[in-house]
Each structure stands twice: as structure tokens, then as C-alpha cells.
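Asks: Coordinates in start-v2.tsv, TSV, C-alpha atoms, are listed below.
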chain	number	residue	atom	x	y	z
A	281	MET	CA	0.00	0.00	0.00
A	282	GLY	CA	2.87	2.34	0.87
A	283	PHE	CA	4.64	1.43	-2.35
A	284	ASN	CA	1.67	2.29	-4.49
A	285	LEU	CA	1.24	5.65	-2.83
A	286	THR	CA	4.88	6.49	-3.31
A	287	SER	CA	4.71	5.46	-7.00
A	288	HIS	CA	1.63	7.53	-7.56
A	289	LEU	CA	3.24	10.67	-6.07
A	290	SER	CA	6.37	10.11	-8.11
A	291	TYR	CA	4.33	9.86	-11.32
A	292	ARG	CA	2.53	13.14	-10.58
A	293	VAL	CA	5.81	14.90	-9.87
A	294	ARG	CA	7.19	13.69	-13.16
A	295	LEU	CA	4.13	15.00	-15.02
A	296	LEU	CA	4.45	18.36	-13.27
A	297	LEU	CA	8.11	18.58	-14.13
A	298	LEU	CA	7.39	17.64	-17.77
A	299	PHE	CA	4.62	20.25	-17.96
A	300	THR	CA	6.90	22.89	-16.44
A	301	LEU	CA	9.63	21.99	-18.93
A	302	CYS	CA	7.19	22.34	-21.85
A	303	LEU	CA	6.04	25.71	-20.59
A	304	SER	CA	9.66	26.83	-20.34
A	305	VAL	CA	10.38	25.75	-23.94
A	306	VAL	CA	7.24	27.47	-25.26
A	307	GLY	CA	8.05	30.62	-23.29
A	308	TRP	CA	11.60	30.71	-24.62
A	309	ALA	CA	10.49	30.28	-28.25
A	310	THR	CA	7.77	32.90	-27.90
A	311	SER	CA	10.12	35.42	-26.34
A	312	ASN	CA	12.65	34.99	-29.17
A	313	TYR	CA	9.92	35.45	-31.79
A	314	LEU	CA	8.61	38.61	-30.10
A	315	VAL	CA	12.11	40.07	-29.83
A	316	ASP	CA	12.72	39.41	-33.52
A	317	ALA	CA	9.34	40.88	-34.44
A	318	ILE	CA	9.96	43.98	-32.33
A	319	GLN	CA	13.33	44.39	-34.03
A	320	GLU	CA	11.68	44.15	-37.48
A	321	ILE	CA	9.01	46.79	-36.79
A	322	PRO	CA	11.34	49.82	-37.33
A	323	LYS	CA	12.53	48.29	-40.60
A	324	ALA	CA	8.93	47.92	-41.75
A	325	ARG	CA	8.19	51.46	-40.72
A	326	ASP	CA	11.24	52.70	-42.61
A	327	PHE	CA	10.17	50.73	-45.72
A	328	MET	CA	6.63	52.14	-45.64
A	329	ALA	CA	7.92	55.65	-45.08
A	330	ASN	CA	10.29	55.35	-48.04
A	331	PHE	CA	7.53	53.83	-50.20
A	332	ASN	CA	5.12	56.65	-49.38
A	333	LYS	CA	7.82	59.24	-50.05
A	334	ALA	CA	8.62	57.69	-53.45
A	335	THR	CA	4.90	57.66	-54.33
A	336	VAL	CA	4.56	61.35	-53.48
A	337	LEU	CA	7.65	62.22	-55.53
A	338	GLU	CA	6.35	60.20	-58.49
A	339	LYS	CA	3.04	62.08	-58.34
A	340	GLU	CA	4.85	65.40	-58.14
A	341	GLU	CA	7.00	64.49	-61.14
A	342	THR	CA	3.91	63.40	-63.08
A	343	LEU	CA	2.17	66.68	-62.30
A	344	THR	CA	5.28	68.60	-63.28
A	345	ASP	CA	5.50	66.72	-66.59
A	346	LYS	CA	1.86	67.42	-67.37
A	347	ALA	CA	1.97	71.07	-66.34
A	348	PRO	CA	1.28	73.32	-69.39
A	349	VAL	CA	4.32	75.08	-70.81
A	350	LYS	CA	3.66	78.76	-71.32
A	351	LYS	CA	4.74	80.06	-74.70
A	352	THR	CA	6.81	83.18	-74.75
A	353	GLU	CA	4.57	85.98	-75.90
A	354	VAL	CA	5.92	87.84	-78.92
A	355	ARG	CA	5.67	91.60	-78.55
A	356	ASN	CA	3.97	93.75	-81.16
A	357	CYS	CA	6.13	95.35	-83.82
A	358	PRO	CA	6.70	99.09	-83.33
A	359	PRO	CA	4.63	101.55	-85.40
A	360	ARG	CA	7.81	102.39	-87.31
A	361	SER	CA	10.33	99.66	-87.98
A	362	PRO	CA	13.98	100.18	-86.92
A	363	TYR	CA	15.13	98.68	-90.24
A	364	LEU	CA	13.90	101.49	-92.50
A	365	ILE	CA	16.56	103.15	-94.67
A	366	GLY	CA	14.53	105.85	-96.42
A	367	GLN	CA	15.11	106.65	-100.09
A	368	SER	CA	16.51	103.86	-102.27
A	369	LYS	CA	18.23	104.09	-105.62
A	370	LEU	CA	16.40	101.64	-107.84
A	371	VAL	CA	18.29	99.60	-110.42
A	372	PHE	CA	16.58	97.34	-112.97
A	373	ARG	CA	19.01	94.78	-114.39
A	374	ALA	CA	18.19	93.40	-117.82
A	375	ASP	CA	19.67	89.99	-116.92
A	376	LEU	CA	17.82	89.59	-113.59
A	377	THR	CA	16.36	86.11	-113.04
A	378	LEU	CA	13.59	84.81	-110.80
A	379	GLU	CA	16.05	82.41	-109.16
A	380	GLU	CA	18.19	85.34	-108.04
A	381	VAL	CA	15.21	87.08	-106.45
A	382	GLN	CA	14.26	83.84	-104.69
A	383	ALA	CA	17.79	83.45	-103.33
A	384	GLU	CA	17.67	86.99	-101.94
A	385	ASN	CA	14.42	86.27	-100.06
A	386	PRO	CA	14.90	82.93	-98.27
A	387	ARG	CA	12.30	83.67	-95.61
A	388	VAL	CA	9.49	84.20	-98.11
A	389	HIS	CA	7.48	80.96	-98.36
A	390	ARG	CA	4.67	80.33	-100.82
A	391	GLY	CA	4.32	84.05	-101.42
A	392	ARG	CA	4.04	84.95	-97.74
A	393	TYR	CA	6.25	86.43	-95.04
A	394	HIS	CA	5.97	87.49	-91.42
A	395	PRO	CA	8.60	88.92	-89.07
A	396	GLU	CA	9.95	86.49	-86.49
A	397	GLU	CA	11.13	89.07	-83.98
A	398	CYS	CA	7.71	90.65	-83.36
A	399	LYS	CA	4.01	90.44	-84.23
A	400	ALA	CA	3.03	92.69	-87.15
A	401	LEU	CA	0.26	95.20	-86.49
A	402	GLN	CA	-1.68	94.21	-89.63
A	403	ARG	CA	-1.95	91.31	-92.05
A	404	VAL	CA	-1.55	92.80	-95.51
A	405	ALA	CA	-2.47	91.33	-98.90
A	406	ILE	CA	-0.80	92.88	-101.96
A	407	LEU	CA	-2.97	92.44	-105.08
A	408	ILE	CA	-1.26	92.88	-108.48
A	409	PRO	CA	-3.39	92.68	-111.66
A	410	HIS	CA	-1.35	91.13	-114.42
A	411	ARG	CA	-1.20	90.04	-118.04
A	412	ASN	CA	1.94	89.67	-120.18
A	413	ARG	CA	4.13	91.77	-117.86
A	414	GLU	CA	6.59	89.15	-116.62
A	415	LYS	CA	9.66	91.42	-116.63
A	416	HIS	CA	7.84	94.20	-114.80
A	417	LEU	CA	6.60	91.69	-112.26
A	418	LEU	CA	10.14	90.43	-111.71
A	419	TYR	CA	11.45	93.96	-111.07
A	420	LEU	CA	8.59	94.71	-108.68
A	421	LEU	CA	9.14	91.48	-106.73
A	422	GLU	CA	12.87	92.18	-106.50
A	423	HIS	CA	12.30	95.51	-104.75
A	424	LEU	CA	8.95	94.97	-103.03
A	425	HIS	CA	9.91	91.95	-100.91
A	426	PRO	CA	12.86	93.58	-99.09
A	427	PHE	CA	10.87	96.85	-98.92
A	428	LEU	CA	8.03	95.12	-97.03
A	429	GLN	CA	10.40	93.09	-94.84
A	430	ARG	CA	12.16	96.25	-93.70
A	431	GLN	CA	8.73	97.54	-92.67
A	432	GLN	CA	8.19	94.36	-90.57
A	433	MET	CA	5.00	93.53	-92.45
A	434	ASP	CA	3.05	90.27	-92.26
A	435	TYR	CA	2.13	90.04	-95.94
A	436	GLY	CA	1.19	87.91	-98.92
A	437	ILE	CA	1.61	88.87	-102.58
A	438	TYR	CA	-1.16	87.80	-104.95
A	439	VAL	CA	-0.65	88.14	-108.70
A	440	VAL	CA	-4.05	88.02	-110.39
A	441	ASN	CA	-3.58	86.98	-113.98
A	442	GLN	CA	-6.21	87.42	-116.70
A	443	ALA	CA	-6.20	84.57	-119.20
A	444	GLY	CA	-7.64	84.67	-122.69
A	445	ASN	CA	-7.67	87.46	-125.28
A	446	LYS	CA	-10.55	89.59	-123.97
A	447	LYS	CA	-9.90	93.23	-123.14
A	448	PHE	CA	-7.98	93.73	-119.92
A	449	ASN	CA	-10.09	94.48	-116.85
A	450	ARG	CA	-7.83	95.72	-114.06
A	451	ALA	CA	-10.69	96.58	-111.68
A	452	LYS	CA	-12.36	93.19	-111.94
A	453	LEU	CA	-9.03	91.47	-111.32
A	454	MET	CA	-8.75	93.47	-108.09
A	455	ASN	CA	-12.17	92.22	-107.02
A	456	VAL	CA	-11.12	88.64	-107.81
A	457	GLY	CA	-7.91	89.08	-105.79
A	458	TYR	CA	-9.84	90.36	-102.78
A	459	LEU	CA	-12.35	87.49	-102.88
A	460	GLU	CA	-9.78	84.74	-103.45
A	461	ALA	CA	-7.25	86.06	-100.92
A	462	LEU	CA	-9.92	86.04	-98.20
A	463	LYS	CA	-10.36	82.32	-98.79
A	464	GLU	CA	-6.82	81.81	-97.47
A	465	GLU	CA	-6.52	84.43	-94.73
A	466	ASN	CA	-8.71	87.01	-93.01
A	467	TRP	CA	-6.50	89.87	-94.22
A	468	ASP	CA	-6.80	93.21	-92.41
A	469	CYS	CA	-5.54	95.40	-95.23
A	470	PHE	CA	-5.46	95.25	-99.03
A	471	ILE	CA	-2.94	97.06	-101.22
A	472	PHE	CA	-4.12	97.37	-104.85
A	473	HIS	CA	-0.85	97.65	-106.77
A	474	ASP	CA	-0.01	98.27	-110.43
A	475	VAL	CA	2.77	96.02	-111.69
A	476	ASP	CA	4.80	98.85	-113.24
A	477	LEU	CA	5.11	101.06	-110.13
A	478	VAL	CA	8.00	100.49	-107.72
A	479	PRO	CA	8.18	102.35	-104.37
A	480	GLU	CA	11.34	104.38	-103.74
A	481	HIS	CA	11.03	105.33	-100.05
A	482	ASP	CA	10.36	102.75	-97.34
A	483	PHE	CA	8.87	105.35	-94.97
A	484	ASN	CA	5.84	105.00	-97.28
A	485	LEU	CA	4.23	102.35	-95.07
A	486	TYR	CA	2.20	99.62	-96.76
A	487	LYS	CA	-0.52	99.49	-94.14
A	488	CYS	CA	-4.09	100.73	-93.90
A	489	GLU	CA	-5.38	103.73	-92.01
A	490	ASP	CA	-8.74	104.85	-90.64
A	491	GLN	CA	-9.45	106.28	-94.10
A	492	PRO	CA	-8.66	104.89	-97.57
A	493	LYS	CA	-5.06	105.58	-98.48
A	494	HIS	CA	-3.45	106.65	-101.76
A	495	LEU	CA	0.27	105.95	-101.78
A	496	VAL	CA	1.40	107.33	-105.16
A	497	VAL	CA	1.79	111.02	-104.40
A	498	GLY	CA	4.28	111.39	-107.22
A	499	ARG	CA	6.23	109.34	-109.74
A	500	ASN	CA	9.19	109.90	-112.00
A	501	SER	CA	7.02	110.16	-115.12
A	502	THR	CA	5.09	113.15	-113.68
A	503	GLY	CA	8.02	114.94	-112.07
A	504	TYR	CA	7.02	113.46	-108.70
A	505	ARG	CA	3.84	115.50	-108.61
A	506	LEU	CA	0.31	114.24	-108.15
A	507	HIS	CA	-0.89	113.12	-111.57
A	508	TYR	CA	-4.06	115.22	-111.29
A	509	LYS	CA	-6.33	116.49	-108.55
A	510	GLY	CA	-8.39	113.63	-107.20
A	511	TYR	CA	-6.03	110.99	-108.62
A	512	PHE	CA	-6.58	107.70	-106.78
A	513	GLY	CA	-4.70	105.25	-109.00
A	514	GLY	CA	-1.50	103.24	-109.13
A	515	VAL	CA	-1.27	101.99	-105.53
A	516	THR	CA	-4.11	102.30	-103.01
A	517	ALA	CA	-4.78	100.78	-99.59
A	518	LEU	CA	-8.16	99.97	-98.08
A	519	THR	CA	-9.06	97.85	-95.08
A	520	ARG	CA	-11.14	94.73	-95.58
A	521	GLU	CA	-14.17	96.60	-94.22
A	522	GLN	CA	-13.63	99.77	-96.28
A	523	PHE	CA	-13.42	97.86	-99.56
A	524	PHE	CA	-16.46	95.77	-98.70
A	525	LYS	CA	-18.41	98.89	-97.71
A	526	VAL	CA	-18.03	100.47	-101.18
A	527	ASN	CA	-18.73	97.11	-102.89
A	528	GLY	CA	-15.21	97.03	-104.34
A	529	PHE	CA	-14.38	98.18	-107.86
A	530	SER	CA	-16.83	98.32	-110.73
A	531	ASN	CA	-16.63	95.28	-113.04
A	532	ASN	CA	-17.51	97.25	-116.17
A	533	TYR	CA	-14.25	99.03	-117.07
A	534	TRP	CA	-12.82	97.09	-120.02
A	535	GLY	CA	-9.55	98.55	-121.30
A	536	TRP	CA	-7.52	101.41	-119.84
A	537	GLY	CA	-8.83	104.22	-117.62
A	538	GLY	CA	-11.67	105.26	-115.36
A	539	GLU	CA	-11.77	102.51	-112.74
A	540	ASP	CA	-9.62	104.43	-110.22
A	541	ASP	CA	-11.88	107.49	-110.43
A	542	ASP	CA	-14.88	105.21	-110.02
A	543	LEU	CA	-13.42	103.85	-106.78
A	544	ARG	CA	-12.68	107.37	-105.54
A	545	LEU	CA	-16.32	108.35	-106.13
A	546	ARG	CA	-17.49	105.29	-104.19
A	547	VAL	CA	-15.23	106.27	-101.29
A	548	GLU	CA	-16.54	109.84	-101.31
A	549	LEU	CA	-20.18	108.68	-101.51
A	550	HIS	CA	-19.62	106.91	-98.19
A	551	GLY	CA	-18.26	110.00	-96.50
A	552	MET	CA	-14.68	108.77	-96.36
A	553	LYS	CA	-11.67	110.96	-97.04
A	554	ILE	CA	-8.50	109.98	-98.88
A	555	PHE	CA	-5.26	109.95	-96.89
A	556	ARG	CA	-1.85	110.47	-98.55
A	557	PRO	CA	1.72	110.41	-97.21
A	558	GLY	CA	4.03	113.39	-97.68
A	559	PRO	CA	5.41	114.10	-101.17
A	560	LYS	CA	8.99	113.21	-100.15
A	561	VAL	CA	7.80	109.76	-99.04
A	562	GLY	CA	5.09	108.82	-101.55
A	563	LYS	CA	7.52	108.52	-104.47
A	564	TYR	CA	7.48	105.84	-107.17
A	565	THR	CA	9.39	104.87	-110.27
A	566	MET	CA	7.22	103.88	-113.21
A	567	ILE	CA	8.89	101.28	-115.43
A	568	SER	CA	8.59	102.56	-118.98
A	569	HIS	CA	6.55	100.52	-121.42
A	570	THR	CA	4.24	100.83	-124.40
A	571	ARG	CA	0.49	100.29	-124.03
A	572	ASP	CA	-0.46	96.63	-124.10
A	573	ARG	CA	-2.52	95.16	-126.84
A	574	GLY	CA	-5.94	94.43	-125.39
A	575	ASN	CA	-5.66	97.35	-122.96
A	576	GLU	CA	-6.68	100.17	-125.26
A	577	VAL	CA	-8.25	103.34	-123.86
A	578	ASN	CA	-11.79	102.76	-122.62
A	579	ILE	CA	-13.94	105.22	-124.56
A	580	GLU	CA	-16.95	104.42	-122.33
A	581	ARG	CA	-15.22	105.50	-119.10
A	582	MET	CA	-16.82	108.98	-118.76
A	583	LYS	CA	-20.28	107.55	-119.28
A	584	LEU	CA	-19.67	104.93	-116.61
A	585	LEU	CA	-18.38	107.51	-114.13
A	586	HIS	CA	-21.66	109.42	-114.33
A	587	GLN	CA	-23.53	106.28	-113.23
A	588	VAL	CA	-21.55	105.49	-110.07
A	589	SER	CA	-24.04	106.84	-107.52
A	590	ARG	CA	-26.81	104.81	-109.14
A	591	VAL	CA	-25.09	101.47	-109.74
A	592	TRP	CA	-22.44	101.02	-107.01
A	593	LYS	CA	-24.69	98.73	-104.93
A	594	THR	CA	-25.22	96.25	-107.76
A	595	ASP	CA	-21.93	96.60	-109.67
A	596	GLY	CA	-18.91	95.37	-107.73
A	597	LEU	CA	-17.99	92.54	-105.37
A	598	THR	CA	-21.59	91.36	-105.24
A	599	SER	CA	-21.71	90.86	-109.03
A	600	CYS	CA	-18.14	89.72	-109.74
A	601	SER	CA	-18.40	86.56	-111.83
A	602	TYR	CA	-15.36	84.73	-113.16
A	603	LYS	CA	-13.99	81.31	-114.00
A	604	LEU	CA	-11.18	80.34	-111.66
A	605	LEU	CA	-8.58	78.41	-113.66
A	606	SER	CA	-5.87	77.90	-111.05
A	607	VAL	CA	-4.32	79.03	-107.76
A	608	GLU	CA	-0.58	78.32	-107.60
A	609	HIS	CA	1.61	78.99	-104.57
A	610	ASN	CA	4.97	79.93	-106.05
A	611	PRO	CA	7.91	80.69	-103.74
A	612	LEU	CA	7.60	84.49	-104.15
A	613	TYR	CA	3.88	84.98	-104.84
A	614	ILE	CA	0.49	83.32	-105.14
A	615	ASN	CA	-0.61	83.22	-108.78
A	616	ILE	CA	-4.36	83.34	-109.39
A	617	THR	CA	-5.45	82.79	-112.99
A	618	VAL	CA	-9.01	83.58	-114.10
A	619	ASP	CA	-11.00	83.89	-117.29
A	620	PHE	CA	-13.76	86.45	-117.87
A	621	TRP	CA	-15.68	84.46	-120.43
A	622	SER	CA	-18.62	86.93	-120.53
A	623	SER	CA	-16.55	90.05	-121.21
A	624	PRO	CA	-16.93	92.10	-124.45
Would it be possible to restate this file's structure as C-alpha cells?
Replies:
Amino acid sequence: MGFNLTSHLSYRVRLLLLFTLCLSVVGWATSNYLVDAIQEIPKARDFMANFNKATVLEKEETLTDKAPVKKTEVRNCPPRSPYLIGQSKLVFRADLTLEEVQAENPRVHRGRYHPEECKALQRVAILIPHRNREKHLLYLLEHLHPFLQRQQMDYGIYVVNQAGNKKFNRAKLMNVGYLEALKEENWDCFIFHDVDLVPEHDFNLYKCEDQPKHLVVGRNSTGYRLHYKGYFGGVTALTREQFFKVNGFSNNYWGWGGEDDDLRLRVELHGMKIFRPGPKVGKYTMISHTRDRGNEVNIERMKLLHQVSRVWKTDGLTSCSYKLLSVEHNPLYINITVDFWSSP
């Protein structure tokens, strides 16, 4: 009986010792794990902090990349260009070629030019009526391109060519030039320019004013005096609105003479006054030539002039009919070719 009791107590002690030993092992393992985990927490915190920082930087870089880049605003050109030289001595070389004129004007593209250093105050279309005057056109282009560039003009040169063998109609060609040029650009100012007149003084600015402008105050063929009182021919400048207001030129002047006086009367009927530069500035050289065949004096011109006040609303831009044959963008000018199939 005593032996059994002693054995039973011994067995319970062994179980208690075994249980205690197990608890010790579990406690030791748990403590090591917790220590390691506690040591890893700062590393995890550092990783998350670095991750969040990188994410913020990436977002900032993305926003910076997508931020709009402001273009440098180009200032307006001054009212008077610093490149003007005043009076020029004009020379017309017999052996001049179109390739030479192109080489001298590398910044003219498809008949157009604009200054790069500033924004021009106006967009100006030069309209030149033309037929069988290639040499005169070449001389005009040679001098007109650098002349306009010195004035810091944003411009395009349109040569309006009349095809066929009908009588020449300068005025109607001007109307065509106005209508076709506006299909390409909303021009502010139009210069109506004879092909045989070359400007001598670059203070004679090719821009429009508050009133219609007549630029040919004098020319070599008239002793640099106004051709006659009320003369409004050769080279004139009207804004887009001014020309539209008077309904453009008449379409009925076939042959030479009368159309300029008709336009002057239209201007005066609308209460506008003609502006001219000073006589020392408004100087031109007329290239000598004989009268063209098909451009004989218009014997009906005086009769037509007496009808201006009655017909200006129906005879002009609103009634300008023509057949457009081609529009070609040459390096130095835009060539518009038309046919007036219904002319006399």
C-alpha cells in the first residue's frame, strides 16, 4: 500500500516537471519570436515611409510633366520699324532672273512672309493685276519683298492673272484678288498695286489707315507731282471693311482708264476721305513701257463715271463673276489665274 502511494506521487511529480519543462520551452520560443518581431518593426516602418515618399515624388514628377508650358509671348512690332533706310536708288538689271530674287528672299514661303522678332500690327495682302508683264513683275518682286520686310510687315503677294484674249479688266481682277485672298486668310488690309510702279522710299508704309489711303503722291514720269487732282490710281490701300463697304471696284471698265476714279467716287459717296503720305515719301518709279494690246483706252469711261451713284450697290464685289482656272503657290507669290468668259 505504501509502495503504491509512493509510486503515484512520483508519477505526478514527473508530469508536473514535464509540464513545467514544456512551458519553459514554449516561453523561450515565444520570447525569441517577439524580440525578432519587435526588431523588425522599425525596418517595416522605414520601408513604408520610403515607399510613401517615393509615391509622393512620383506624383509630383507626373504633375510637373503634365503642367502646361507657357509660350513666350511675342511683342507687337513698333509703329515704325527700326530697319527702314529711307530713299533707295532703284536699279533694274536686264539679266535679272527669278532664281536670283528667290535666293535673296529665303524667308518668303509660298508668297508669304511674317517677321519672327515681333508680331506685325496688320496682315496685308498685296494684289497685283497682271497680263503679259513678266519682266515688270520680276522687277517689282525684287524691290517689293525687301521693302516690305524692312517695314516688318506680315504680308502675302497675290498676282491676279487674266487669261484669254478679252480686253484687260484691271478693276475686276482686283475684285477677284480680294475674294480669293480672303479664302486663305482674313487679311486686315489690301494694297491694290499696279505692276509697273516700284516704291522708292520705305517710310511709305504699306498698311491701312482709318481712311482709304493713296500711296502714289508722285512718280518719275510726272516729275514726282500728283498726276491730277483727285487721282486715286496706281497703288491704293483699303481695309477689308472699307473695300467691302463700297462694294469694291466696278466690273464694267474694259480697257484702260476710269476705274480708279470710279473707286474714288465710291469712297466719297460713303463719307470717307483719302489719306496720302508726304510728297517726299510717296515717291514711285514707273517702269517705262508701251500700251499693251488688249488694254486700249476705254472710250466708255466717262459715261460709266456718271452712273456710279446709281449702280455702285449692284456693280462690284456682289456681281463679280469669273472662272477660276488655277491658284498656284509659287515661292515668291500666289498666282491666281481667271478667265472672264462673258466680257466684251
Asks: With all atoms listed in the file as the counted atoms, please give the residues lying no more than 7 Å from A:Asn531, apart from itself and same-chain residues fewer than 2 positions off, as a PDB file with C-alpha atoms, in the coordinates of the input.
Replies:
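Output (result_27.pdb):
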ATOM      1  CA  ALA A 451     -10.690  96.580-111.680  1.00  0.00           C
ATOM      2  CA  LYS A 452     -12.360  93.190-111.940  1.00  0.00           C
ATOM      3  CA  PHE A 529     -14.380  98.180-107.860  1.00  0.00           C
ATOM      4  CA  TYR A 533     -14.250  99.030-117.070  1.00  0.00           C
ATOM      5  CA  ASP A 595     -21.930  96.600-109.670  1.00  0.00           C
ATOM      6  CA  GLY A 596     -18.910  95.370-107.730  1.00  0.00           C
ATOM      7  CA  CYS A 600     -18.140  89.720-109.740  1.00  0.00           C
TER       8      CYS A 600
END
Asks: Taking into account only C-alpha atoms, which residue in the set A:Val591, A:Glu460, A:Ser568, A:Gly503 is nearest to A:Arg546?
Replies: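 Smallest distance to A:Arg546 is found for A:Val591.
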Asks: Would you compute the distance between atom CA of A:Glu396 and atom CA of A:Met454? Give it in Å to one decimal.
Replies: 29.4 Å
Asks: Give me, please, the distance in Å between atom CA of A:Lys563 and atom CA of A:Phe448, quoted to one decimal.
Replies: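 Interatomic distance here is 26.4 Å.
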Asks: How many Å separate atom CA of A:Glu414 from atom CA of A:Glu576?
Replies: 19.3 Å
Asks: Find, counting all atoms listed in the file, the residue in A:Asn385, A:Asn500, A:Gln431, A:Asn445 that gets nearest to A:Arg411.
Replies: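 The shortest atom-to-atom distance to A:Arg411 comes from A:Asn445.
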Asks: Could you pull the residues within 9 Å of A:Tyr613, counting only C-alpha atoms, minus those fewer than 3 positions along the same chain, as a list in words?
Replies: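 That gives Val388, His389, Arg390, Gly391, Arg392, Leu421, Gly436, Ile437, Tyr438, Val439, Glu608, His609 and Asn610 of chain A.
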Asks: Which is closest to A:Ile567 among A:Gln432, A:Ser501, A:Asn466, A:Asn449, if we use all atoms listed in the file?
Replies: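 Result for the nearest residue to A:Ile567: A:Ser501.
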Asks: Please provide as a list of chain:residue names all residues within 7 Å of A:Ile408, with the sequence filter that same-chain residues fewer than 5 positions apart are discarded (counting all atoms listed in the file).
Replies: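 Listing them by chain and then by number gives A:Tyr438, A:Val439, A:Val440, A:Phe472, A:His473, A:Asp474, A:Val475.
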Asks: Could those residues be written to a file, using C-alpha atoms, as a PDB file, keeping the file's coordinate frame?
Replies:
ATOM      1  CA  TYR A 438      -1.160  87.800-104.950  1.00  0.00           C
ATOM      2  CA  VAL A 439      -0.650  88.140-108.700  1.00  0.00           C
ATOM      3  CA  VAL A 440      -4.050  88.020-110.390  1.00  0.00           C
ATOM      4  CA  PHE A 472      -4.120  97.370-104.850  1.00  0.00           C
ATOM      5  CA  HIS A 473      -0.850  97.650-106.770  1.00  0.00           C
ATOM      6  CA  ASP A 474      -0.010  98.270-110.430  1.00  0.00           C
ATOM      7  CA  VAL A 475       2.770  96.020-111.690  1.00  0.00           C
TER       8      VAL A 475
END
Asks: Around the point (5.8, 90.0, -88.4), in the coordinates given by the file, pick out the residues reaching within 9 Å, counting all atoms listed in the file, and return them as a list of chain:residue names.
Replies: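 Checked against the point, the hits come out as A:Asn356, A:Cys357, A:Tyr393, A:His394, A:Pro395, A:Glu396, A:Glu397, A:Cys398, A:Lys399, A:Ala400, A:Leu401, A:Gln402, A:Arg403, A:Gln429, A:Gln432, A:Met433, A:Asp434, A:Tyr435.
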Asks: Which of these, A:Glu465, A:Asp482, A:Glu379, A:Asp540, has the shortest distance to A:Pro426 once you count all atoms listed in the file?
Replies: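 Closest to A:Pro426, using all atoms listed in the file: A:Asp482.
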Asks: Might you pull out every residue within 12 Å of A:Phe524, with all atoms listed in the file counted and same-chain residues fewer than 3 positions away left off, and present them as a list in words?
Replies: Asn455, Tyr458, Leu459, Leu462, Asp468, Cys469, Phe470, Leu518, Thr519, Arg520, Glu521, Asn527, Gly528, Phe529, Leu543, Arg546, Val547, His550, Trp592, Lys593, Gly596, Leu597 and Thr598 of chain A
Asks: Mind listing whatever residues come within 12 Å of the point (-21.2, 107.9, -111.5)? Use only C-alpha atoms, file coordinates, and give them as a ChimeraX atom specification.
Replies: /A:530,538-539,541-549,581-593,595
Asks: So, counting only C-alpha atoms, which residue among A:Trp467, A:Phe555, A:Tyr419, A:Phe427 is closest to A:Phe483?
Replies: A:Phe427
